[in-house]
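J.: This structure is in structure tokens; I'll ask about it shortly.
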Amino acid sequence: MGSTWYEKAVFYHIYPLGLLGAPKQNTADTVCDGMKELESWIPHMQALGCTGLYIGPLFESSSHGYDTRDYRLVDRRLGDNQGFKRFVSLCHDAGIRVVVDGVFNHTGREFFAFQDIKEHREASPYRDWYRGVNFGWGDPFGYDAWQGHGELPCLNLLNPQVKQYLFDVIRFWIDTFDIDGIRLDCANVLDFGFMSELRRETSSMKEDFWLMGEVIHGEYARWVNPDMLHSVTNYELHKGLYSGHNDHNYFEIAHTIRRLEQVGYQLYTFVDNHDEDRLASKINNKDHLYSVYTLLYTLPGIPSVYYGSEWGMEGRRTRESDEALRPCISIEEEKQYHTDLTDYIAKLGQIHGENEELHGGRYKELLLTTRQYAFARFGEHSVILTAVNNDEADAVMNIPVPIHASAGENLLDHTAVPVINGQITVTIPGGRGAVLKIREE
């Protein structure tokens, strides 16, 4: 069973520049105080059963948040350091841990080291802080940039000075704001040696400090292991959760869970985020939102909800912009957004928080067809049994019970369900699910 806070957590994910409607460009006269508005979201996160917040980017930047110009300042379009310190303290008082974006692969062009190279060229003491620096040509020199975006020059993470600078930045954020973890932006392209050193360094800075990396493709176990990161983003399951419903193919989801068995319990699971279309925009049948979230909260992994999606909010990225994924929302409007889905997600959050089986408990597949799926998560003397139906019609499911018991309780409506001849029979409406608690006798 999981024992750390993050193994038990349900996360809420906020992209603050979008949520607060920050100016697109950070100018010298930009001074905002969005921290009061952020504070007003804390009761909402609590009501959803969230015990962790992933918020970012926060570092002072020039535009979208990932072109950092000062690692030790909260972006002035959001507020100031004192305001964020208070916000984290209030989150902690509410039982919510806080994880921030760590943008360490690249900086913006306004970062002091880059500016110094522009001014002093070969004479700059920071000439080796960036990858591929070449004074033979360029503007006024050449350098490696993330995916060729010239405004995002890549840091040289093999340089001991750069590494120490970034480790000191993390210590500053822990000492100043008492943050509980970092989500590493672009972890798929970060140097493995850097991430290994980062694990050792942060382990000594704060107990149970969590390192989660943004990784899309690849063997997640390369990143998630005792010497590297605690977790990475489970993009593989993210894809399966919506396409498995759209294609009426639960085999895709079940295969993904089996394939990720080695690391799946530690992965950060989600159905949408600040870079991906909203689930409500990519699911063909909106009734299936309920079964998708049932799986998100009960399959192996650490579930996360992206702000607004608890209301079934829609949004698609375009070739030119991610703005539709990152809307400005006031929590004062919560009452008009609130839906049955919101209440359902809050119930799932409560179930996840109260049942140890969902905090790293062993997974076992019990029933699988293209349209119906059931599995167990094991506790010490009990199981949580989840059943979902992606059909449009009701489905009667006869599910084997993997422990000796005479009855179970559907945690969603607190009805009793008998166990007869080692099986439970449940009728699941189309696009819905059941979450059953069964205690060993």
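Identifiers in this document derive from the order of the structure tokens: chains are assigned A, B, ..., residues are numbered from 1 separately in each chain, and ligands are numbered from 1 in order of occurrence.
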Excluding A:Thr294 and residues on its chain fewer than 4 positions from it, collect all residues at most 12 Å away from it, counting only C-alpha atoms, and give them as a tab-separated table (two decimals) with C-alpha atoms, in the first residue's frame.
T.:
```tsv
chain	number	residue	atom	x	y	z
A	241	LEU	CA	-9.11	6.41	-22.09
A	270	PHE	CA	-5.09	12.49	-16.70
A	271	VAL	CA	-7.72	12.84	-19.40
A	288	HIS	CA	-19.17	8.30	-21.60
A	289	LEU	CA	-17.52	11.08	-19.58
A	290	TYR	CA	-18.75	9.21	-16.51
A	298	THR	CA	-9.80	3.54	-10.01
A	299	LEU	CA	-7.13	2.24	-12.41
A	300	PRO	CA	-3.48	2.20	-11.22
A	303	PRO	CA	-5.40	10.82	-10.98
A	341	LEU	CA	-20.54	15.35	-13.72
A	344	TYR	CA	-19.77	12.54	-9.79
A	345	ILE	CA	-16.09	13.53	-9.93
A	346	ALA	CA	-16.30	14.81	-6.34
A	347	LYS	CA	-17.75	11.44	-5.29
A	348	LEU	CA	-14.92	9.62	-7.06
A	349	GLY	CA	-12.44	11.90	-5.27
A	351	ILE	CA	-13.87	7.25	-2.80
A	352	HIS	CA	-10.24	7.48	-3.89
A	373	TYR	CA	-14.53	-4.12	-18.47
A	374	ALA	CA	-14.11	-5.04	-14.82
A	375	PHE	CA	-11.05	-5.22	-12.58
A	385	LEU	CA	-14.06	-3.89	-7.88
A	386	THR	CA	-14.72	-1.49	-10.78
A	387	ALA	CA	-17.06	-2.23	-13.66
A	388	VAL	CA	-17.66	0.05	-16.68
A	389	ASN	CA	-19.80	-0.10	-19.81
A	390	ASN	CA	-19.03	1.86	-22.99
A	411	LEU	CA	-19.71	3.08	-3.16
A	412	LEU	CA	-21.39	5.37	-5.70
A	431	GLY	CA	-21.51	5.13	-20.33
A	432	ARG	CA	-21.57	4.50	-16.58
A	433	GLY	CA	-19.77	2.43	-14.01
A	434	ALA	CA	-19.92	0.84	-10.58
A	435	VAL	CA	-17.29	0.95	-7.85
A	436	LEU	CA	-17.82	-1.88	-5.35
```
J.: List every residue of stretch 150-208 of chain A that DSSP, applied to the backbone of this structure, places in strand (DSSP E or B), and write the result as a list in words.
T.: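 In stretch 150-208 of chain A, DSSP puts these residues in strand (DSSP E or B): Pro153, Cys154, Leu155, Gly181, Ile182, Arg183 and Leu184 of chain A.
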J.: Within 8 Å of A:Arg171, counting only C-alpha atoms, which residues show up once you throw out same-chain ones fewer than 4 positions away? Write them as a list in words, please.
T.: Phe167, Asp175, Thr202 and Met205 of chain A
J.: Could you write out the selected residues, including C-alpha atoms, as an mmCIF file, in the first residue's frame?
T.:
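And here's result28.cif as it stands now:
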```cif
data_model
loop_
_atom_site.group_PDB
_atom_site.id
_atom_site.type_symbol
_atom_site.label_atom_id
_atom_site.label_comp_id
_atom_site.auth_asym_id
_atom_site.auth_seq_id
_atom_site.Cartn_x
_atom_site.Cartn_y
_atom_site.Cartn_z
ATOM 1 C CA PHE A 167 19.536 22.976 -7.738
ATOM 2 C CA ASP A 175 12.793 27.322 1.505
ATOM 3 C CA THR A 202 15.949 17.121 -3.682
ATOM 4 C CA MET A 205 16.066 19.154 0.709
#
```
J.: Taking into account only C-alpha atoms, which residue in the set A:Asn188, A:Ser291, A:Asn81, A:Ser330 is nearest to A:Phe172?
T.: A:Asn81
J.: List every residue of stretch 72-123 of chain A that has an atom at most 8 Å from any atom of stretch 130-145 of chain A, giving for each one its closest atom pair and the distance in Å to one decimal, counting only C-alpha atoms, sorted by chain and then by ascending residue number, as a tab-separated table.
T.:
```
residue	atom	partner	partner_atom	distance
A:His106	CA	A:Ala145	CA	7.6
A:Lys118	CA	A:Pro140	CA	6.5
A:Arg121	CA	A:Phe135	CA	7.2
A:Glu122	CA	A:Phe135	CA	7.3
```
